[in-house]
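Asker: Contents of query-v3.cif (mmCIF, C-alpha atoms) are below:
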data_coords
loop_
_atom_site.label_atom_id
_atom_site.label_comp_id
_atom_site.auth_asym_id
_atom_site.auth_seq_id
_atom_site.Cartn_x
_atom_site.Cartn_y
_atom_site.Cartn_z
CA MET K 74 89.45 120.29 106.90
CA LYS K 75 89.32 116.74 108.23
CA ASN K 76 91.37 114.08 106.46
CA ILE K 77 90.57 110.37 106.31
CA LEU K 78 92.55 107.55 104.73
CA PHE K 79 91.15 104.30 103.34
CA CYS K 80 93.14 101.59 101.57
CA GLY K 81 91.86 98.87 99.28
CA ASN K 82 90.90 97.51 95.91
CA GLU K 83 87.72 97.48 93.83
CA TYR K 84 85.88 95.61 96.58
CA VAL K 85 86.05 98.27 99.30
CA PHE K 86 83.22 100.28 97.78
CA ASP K 87 80.57 99.01 100.24
CA GLY K 88 82.81 99.74 103.21
CA ILE K 89 83.86 103.23 102.15
CA LEU K 90 80.29 104.20 101.29
CA THR K 91 78.74 102.93 104.55
CA CYS K 92 81.55 104.37 106.68
CA ALA K 93 81.36 107.78 105.01
CA LEU K 94 77.58 107.88 105.41
CA SER K 95 77.92 107.01 109.10
CA ILE K 96 80.29 109.95 109.57
CA PHE K 97 77.90 112.37 107.94
CA LYS K 98 74.80 111.08 109.72
CA ARG K 99 76.34 110.89 113.19
CA SER K 100 78.33 114.14 113.21
CA GLU K 101 77.21 117.71 113.78
CA SER K 102 80.27 119.36 112.30
CA LYS K 103 79.94 120.67 108.75
CA GLU K 104 83.71 120.99 108.34
CA PRO K 105 84.73 119.61 104.94
CA ILE K 106 86.33 116.18 104.74
CA THR K 107 88.88 114.85 102.27
CA PHE K 108 88.78 111.09 101.82
CA TYR K 109 92.05 109.68 100.48
CA VAL K 110 91.93 106.19 98.97
CA TYR K 111 95.24 104.37 98.49
CA THR K 112 94.92 101.60 95.93
CA MET K 113 97.09 99.49 93.63
CA ASP K 114 97.20 96.80 90.96
CA VAL K 115 98.76 93.57 92.23
CA SER K 116 96.64 91.20 90.15
CA TYR K 117 99.74 89.05 89.71
CA LEU K 118 99.07 87.92 93.31
CA LYS K 119 95.32 87.38 92.87
CA PRO K 120 93.06 88.26 89.92
CA ASN K 121 90.78 90.41 92.10
CA TYR K 122 93.65 92.52 93.46
CA THR K 123 92.85 95.35 91.08
CA PRO K 124 92.71 99.08 91.90
CA ILE K 125 89.47 100.77 92.77
CA SER K 126 88.10 102.20 89.55
CA ASP K 127 87.79 105.87 88.65
CA ARG K 128 84.08 105.18 88.10
CA LEU K 129 83.62 104.20 91.75
CA ILE K 130 85.70 107.11 92.98
CA LYS K 131 83.64 109.53 90.91
CA PHE K 132 80.41 108.12 92.33
CA LEU K 133 81.70 108.30 95.91
CA ASP K 134 82.85 111.87 95.29
CA THR K 135 79.36 112.77 94.10
CA VAL K 136 77.83 111.23 97.23
CA VAL K 137 80.09 113.04 99.72
CA LYS K 138 79.54 116.36 97.96
CA GLU K 139 75.81 116.04 98.66
CA TYR K 140 76.68 116.62 102.32
CA ASN K 141 79.16 119.42 101.69
CA PRO K 142 80.28 120.69 98.26
CA GLU K 143 83.81 121.02 99.66
CA ASN K 144 84.03 117.31 100.52
CA LYS K 145 86.08 115.23 98.11
CA VAL K 146 87.37 111.73 97.41
CA ILE K 147 90.92 111.43 96.08
CA LYS K 148 92.32 108.24 94.61
CA ILE K 149 96.07 107.67 94.92
CA ASP K 150 97.65 104.74 93.07
CA VAL K 151 100.62 103.44 95.06
CA THR K 152 101.40 100.40 92.90
CA GLU K 153 104.98 101.48 92.23
CA HIS K 154 105.60 102.23 95.90
CA TYR K 155 104.37 98.76 96.80
CA LYS K 156 106.40 96.92 94.18
CA LYS K 157 109.55 98.79 95.11
CA GLU K 158 109.19 98.26 98.86
CA PHE K 159 107.27 95.02 99.29
CA GLY K 160 107.47 93.05 96.06
CA ASN K 161 108.48 89.46 96.94
CA SER K 162 108.72 90.38 100.63
CA PRO K 163 108.11 87.68 103.28
CA ASN K 164 104.77 89.32 104.12
CA GLU K 165 103.39 89.64 100.60
CA ASN K 166 101.08 86.67 101.14
CA CYS K 167 100.28 87.40 104.77
CA TYR K 168 97.04 86.46 106.54
CA CYS K 169 95.41 89.71 105.46
CA SER K 170 95.11 91.57 102.18
CA PRO K 171 98.29 93.29 100.93
CA TYR K 172 96.20 96.45 100.78
CA THR K 173 96.51 96.76 104.57
CA LEU K 174 100.21 97.50 104.00
CA LEU K 175 99.46 100.63 101.99
CA ARG K 176 98.97 102.90 105.00
CA LEU K 177 102.68 102.46 105.65
CA PHE K 178 103.35 104.71 102.63
CA ALA K 179 101.59 107.77 104.09
CA ASP K 180 104.91 109.55 104.67
CA GLN K 181 105.99 109.02 101.04
CA ILE K 182 102.94 110.47 99.31
CA GLU K 183 103.30 114.16 98.51
CA GLY K 184 100.66 116.53 99.81
CA MET K 185 99.37 114.36 102.65
CA PRO K 186 98.16 116.39 105.67
CA ASP K 187 99.91 116.40 109.04
CA LYS K 188 96.85 114.92 110.79
CA LEU K 189 95.19 111.92 109.22
CA LEU K 190 92.60 109.42 110.46
CA TYR K 191 93.21 105.97 109.00
CA LEU K 192 90.16 103.69 108.98
CA ASP K 193 89.63 100.10 107.92
CA VAL K 194 86.59 99.94 105.67
CA ASP K 195 84.59 97.73 108.07
CA ILE K 196 84.01 100.72 110.36
CA MET K 197 80.81 102.50 111.35
CA PHE K 198 80.60 105.68 113.40
CA ASN K 199 78.04 105.54 116.17
CA ARG K 200 78.83 109.03 117.45
CA ASP K 201 80.42 112.28 116.25
CA ILE K 202 83.75 112.03 114.42
CA ASP K 203 84.99 115.10 116.33
CA LEU K 204 85.24 112.94 119.46
CA ILE K 205 88.23 111.15 117.96
CA TYR K 206 89.51 113.58 115.34
CA ASN K 207 89.95 116.47 117.78
CA ILE K 208 92.08 114.46 120.22
CA ASP K 209 95.42 116.18 120.83
CA ILE K 210 98.25 113.96 119.54
CA GLU K 211 100.91 116.63 119.11
CA ARG K 212 103.38 114.72 121.32
CA TYR K 213 102.58 111.29 119.86
CA GLU K 214 103.12 109.46 116.60
CA TYR K 215 99.57 108.17 116.58
CA ALA K 216 96.61 107.30 118.77
CA ALA K 217 94.94 103.89 118.84
CA ALA K 218 92.73 101.68 120.99
CA ARG K 219 93.49 98.21 122.28
CA ASP K 220 92.84 95.10 120.24
CA HIS K 221 89.96 93.25 121.87
CA TYR K 222 91.64 89.85 121.76
CA GLY K 223 95.27 90.98 121.66
CA LYS K 224 95.01 92.81 124.98
CA TYR K 225 94.33 89.43 126.61
CA LEU K 226 96.41 87.08 124.46
CA ILE K 227 99.48 89.19 123.66
CA GLN K 228 99.92 92.15 126.04
CA PRO K 229 97.61 94.68 127.76
CA ASN K 230 98.43 97.61 125.46
CA TYR K 231 98.46 95.67 122.20
CA ILE K 232 96.68 97.94 119.73
CA ASN K 233 94.26 97.30 116.90
CA ALA K 234 95.44 99.07 113.76
CA GLY K 235 91.98 99.40 112.19
CA VAL K 236 91.55 102.91 113.63
CA LEU K 237 94.69 105.04 113.74
CA LEU K 238 94.85 108.79 114.29
CA PHE K 239 98.15 109.71 112.62
CA ASN K 240 100.36 112.64 113.54
CA LEU K 241 102.12 112.39 110.20
CA LYS K 242 104.46 115.29 110.94
CA ARG K 243 105.74 113.53 114.05
CA MET K 244 105.89 110.18 112.24
CA LYS K 245 108.18 111.65 109.61
CA GLU K 246 110.45 113.01 112.34
CA THR K 247 110.78 109.66 114.12
CA GLY K 248 110.86 107.56 110.94
CA ILE K 249 108.30 105.12 112.30
CA LEU K 250 106.84 104.22 108.90
CA ALA K 251 110.26 103.75 107.32
CA LYS K 252 111.16 101.41 110.19
CA ALA K 253 107.90 99.51 109.74
CA ARG K 254 108.48 99.13 105.99
CA ASN K 255 111.95 97.75 106.67
CA LEU K 256 110.46 95.12 108.98
CA ILE K 257 107.90 94.15 106.33
CA ARG K 258 110.71 93.74 103.79
CA THR K 259 112.98 91.68 106.00
CA LYS K 260 110.99 89.70 108.58
CA LYS K 261 107.96 87.43 108.46
CA LEU K 262 105.50 88.92 110.95
CA VAL K 263 102.44 87.26 112.43
CA PHE K 264 100.17 90.28 111.90
CA ALA K 265 102.21 91.94 109.13
CA ASP K 266 101.70 95.73 109.10
CA GLN K 267 100.11 95.84 112.55
CA SER K 268 103.09 94.01 114.05
CA ALA K 269 105.55 96.20 112.11
CA LEU K 270 103.87 99.41 113.25
CA ILE K 271 103.79 98.34 116.89
CA ARG K 272 107.46 97.29 116.88
CA SER K 273 108.49 100.61 115.31
CA THR K 274 106.51 102.87 117.65
CA THR K 275 108.33 105.44 119.75
CA LYS K 276 105.34 106.99 121.49
CA LYS K 277 101.62 106.31 121.05
CA LYS K 278 98.51 107.64 122.76
CA MET K 279 96.24 104.90 124.08
CA LEU K 280 92.53 105.43 123.48
CA ARG K 281 89.63 103.89 125.34
CA GLN K 282 87.93 100.89 123.75
CA LYS K 283 84.93 102.99 122.72
CA PHE K 284 87.05 104.52 119.96
CA ASN K 285 87.46 101.11 118.28
CA ASP K 286 84.94 98.65 119.68
CA GLN K 287 85.58 95.38 117.88
CA LYS K 288 83.06 93.18 119.66
CA PHE K 289 80.18 95.14 121.17
CA LEU K 290 78.06 98.21 120.53
CA HIS K 291 77.43 100.26 123.66
CA LYS K 292 75.69 103.62 124.06
CA ASN K 293 79.08 105.31 124.42
CA THR K 294 80.68 103.45 121.50
CA ILE K 295 82.07 106.01 119.09
CA ILE K 296 83.33 103.60 116.44
CA ARG K 297 82.03 100.06 115.89
CA HIS K 298 84.61 97.96 114.08
CA PHE K 299 83.02 95.01 112.29
CA SER K 300 86.12 92.83 112.40
CA LYS K 301 86.20 89.04 112.57
CA ARG K 302 85.10 87.87 115.99
CA LEU K 303 84.57 84.76 118.05
CA PHE K 304 81.09 83.41 118.77
CA TRP K 305 80.49 80.76 121.43
CA LEU K 306 77.01 79.67 120.36
CA PRO K 307 75.66 77.39 119.03
CA TYR K 308 79.28 76.15 119.04
CA PRO K 309 82.65 77.98 119.17
CA HIS K 310 83.31 79.55 115.77
CA THR K 311 84.44 82.75 114.09
CA ASP K 312 82.47 84.86 111.65
CA ASN K 313 83.39 87.95 109.66
CA ILE K 314 80.15 89.92 109.58
CA LYS K 315 80.48 93.34 107.93
CA GLN K 316 78.12 96.28 108.25
CA TRP K 317 76.86 95.83 104.68
CA HIS K 318 75.73 92.26 105.53
CA ILE K 319 72.49 93.82 106.65
CA SER K 320 70.50 90.62 107.31
CA LYS K 321 73.24 89.29 109.61
CA VAL K 322 73.61 92.66 111.34
CA HIS K 323 69.91 92.41 112.19
CA LYS K 324 69.66 88.68 112.87
CA ILE K 325 72.92 87.98 114.70
CA PHE K 326 73.94 91.32 116.23
CA LYS K 327 70.39 92.62 116.71
CA TYR K 328 71.61 96.05 115.60
CA TYR K 329 69.01 98.44 114.23
CA GLN K 330 70.81 101.66 115.21
CA PHE K 331 72.45 101.91 111.79
CA ASP K 332 69.32 101.38 109.72
CA ASP K 333 69.08 105.00 108.56
CA ILE K 334 72.64 104.72 107.22
CA LEU K 335 72.14 101.29 105.67
CA TYR K 336 68.86 102.37 104.07
CA GLU K 337 70.66 105.15 102.23
CA TYR K 338 73.53 102.78 101.37
CA VAL K 339 71.12 100.34 99.69
CA TYR K 340 69.46 103.19 97.78
CA LEU K 341 72.79 104.60 96.59
CA LYS K 342 74.25 101.23 95.63
CA THR K 343 71.10 100.38 93.67
CA LYS K 344 71.37 103.75 91.94
CA PHE K 345 75.02 103.11 91.09
CA ASP K 346 74.31 99.62 89.72
CA ARG K 347 71.46 101.01 87.61
CA GLU K 348 73.70 103.73 86.17
CA ILE K 349 76.28 101.12 85.21
CA LYS K 350 73.69 98.98 83.42
CA GLU K 351 72.35 101.98 81.51
CA LYS K 352 75.77 102.89 80.12
#
Would you give me this structure, written as structure tokens?
Answerer:
Amino acid sequence: MKNILFCGNEYVFDGILTCALSIFKRSESKEPITFYVYTMDVSYLKPNYTPISDRLIKFLDTVVKEYNPENKVIKIDVTEHYKKEFGNSPNENCYCSPYTLLRLFADQIEGMPDKLLYLDVDIMFNRDIDLIYNIDIERYEYAAARDHYGKYLIQPNYINAGVLLFNLKRMKETGILAKARNLIRTKKLVFADQSALIRSTTKKKMLRQKFNDQKFLHKNTIIRHFSKRLFWLPYPHTDNIKQWHISKVHKIFKYYQFDDILYEYVYLKTKFDREIKEK
């Protein structure tokens, strides 16, 4: 059994669906996968900070079971964990969504597996998931690749926390997540959970950039991370193009390698929207 963790609100549907489809369509293994989705209701911060609905989870569960009846999607509401740990913390209104903080609760949720692949939702697999999931991390807390910009601007081994292969058993032993939560509660951090995780790390395994390629798509790229990036033309600017922005993926990135995945995504989303209207 492979285990994957996503975190987010009602608006991560497109990301989870496209990422899951990319795993199935780019991997040979038929081993069942459990997709955990941490979510919460913090609409007191913003009206759209609402938990992902049971309706969406049920639909996603139906989709993943088409590839293997043993696949499943499990929703875990961590609202109370968040309020207890991070309510009114200095990082509650950080640069990113508070939902990125939820992965820091992985050691507190009962029944979580010892090995867990955390993924941001703006992720697409270009090659087999086994290439990352089967990496030996027994002696490490987690494995991660370098941040494309951070490795130049901050320090050479500064990691990007959008793809994290957790050794949760080891993390519980070292208390890394508890340390990170304490930092979130007590200190204002530039990159919130990513900064807290890095500062709390005892031992991490560095992965090559191909395991979390945040800027380019090469033949050997295993995971393409559609994070915000800098463009120099026609003038210096940033853009936050996601994989479900299909026109921009074609026009700006010139990517057509994911079209089989995106074609099915459009079909399934249209089907879901139609089912909602009919009810």
Asker: Evaluated on this file, the PyMOL selection byres ((chain K and resi 179-188) around 7) picks out some residues - which ones are they, written as a PDB file with C-alpha atoms, in the coordinates of the input?
Answerer:
ATOM      1  CA  ARG K 176      98.970 102.900 105.000  1.00  0.00           C
ATOM      2  CA  LEU K 177     102.680 102.460 105.650  1.00  0.00           C
ATOM      3  CA  PHE K 178     103.350 104.710 102.630  1.00  0.00           C
ATOM      4  CA  LEU K 189      95.190 111.920 109.220  1.00  0.00           C
ATOM      5  CA  LEU K 190      92.600 109.420 110.460  1.00  0.00           C
ATOM      6  CA  PHE K 239      98.150 109.710 112.620  1.00  0.00           C
ATOM      7  CA  ASN K 240     100.360 112.640 113.540  1.00  0.00           C
ATOM      8  CA  LEU K 241     102.120 112.390 110.200  1.00  0.00           C
ATOM      9  CA  LYS K 242     104.460 115.290 110.940  1.00  0.00           C
ATOM     10  CA  LYS K 245     108.180 111.650 109.610  1.00  0.00           C
TER      11      LYS K 245
END
Asker: Do you know which residues the PyMOL selection byres ((chain K and resi 160-166) around 7) returns on this file, as a ChimeraX atom specification?
Answerer: /K:155-159,167-168,171,257-262,265
Asker: Would you pick out the contacts of Arg99 of chain K at 8 Å or less, using only C-alpha atoms, so that residues sharing its chain but fewer than 6 positions from it are not included, and give the list as a ChimeraX atom specification?
Answerer: /K:198-202
Asker: Mind checking which residues fall within 9 Å of segment 74-82 of chain K, counting only C-alpha atoms, ignoring those fewer than 2 positions away in the same chain, and posting them as number ranges by chain?
Answerer: K: 84-86, 89, 104-114, 121-126, 144, 170-176, 185-186, 188-194, 206
Asker: Extract, using all atoms listed in the file, all DNA, RNA and protein residues at most 7 Å from Ala216 of chain K, discarding same-chain residues fewer than 2 positions from it, and format them as a ChimeraX atom specification.
Answerer: /K:210,237-239,277-280
Asker: Create the file for the chosen residues now, containing C-alpha atoms and written as a PDB file, keeping the file's coordinate frame.
Answerer:
ATOM      1  CA  ILE K 210      98.250 113.960 119.540  1.00  0.00           C
ATOM      2  CA  LEU K 237      94.690 105.040 113.740  1.00  0.00           C
ATOM      3  CA  LEU K 238      94.850 108.790 114.290  1.00  0.00           C
ATOM      4  CA  PHE K 239      98.150 109.710 112.620  1.00  0.00           C
ATOM      5  CA  LYS K 277     101.620 106.310 121.050  1.00  0.00           C
ATOM      6  CA  LYS K 278      98.510 107.640 122.760  1.00  0.00           C
ATOM      7  CA  MET K 279      96.240 104.900 124.080  1.00  0.00           C
ATOM      8  CA  LEU K 280      92.530 105.430 123.480  1.00  0.00           C
TER       9      LEU K 280
END
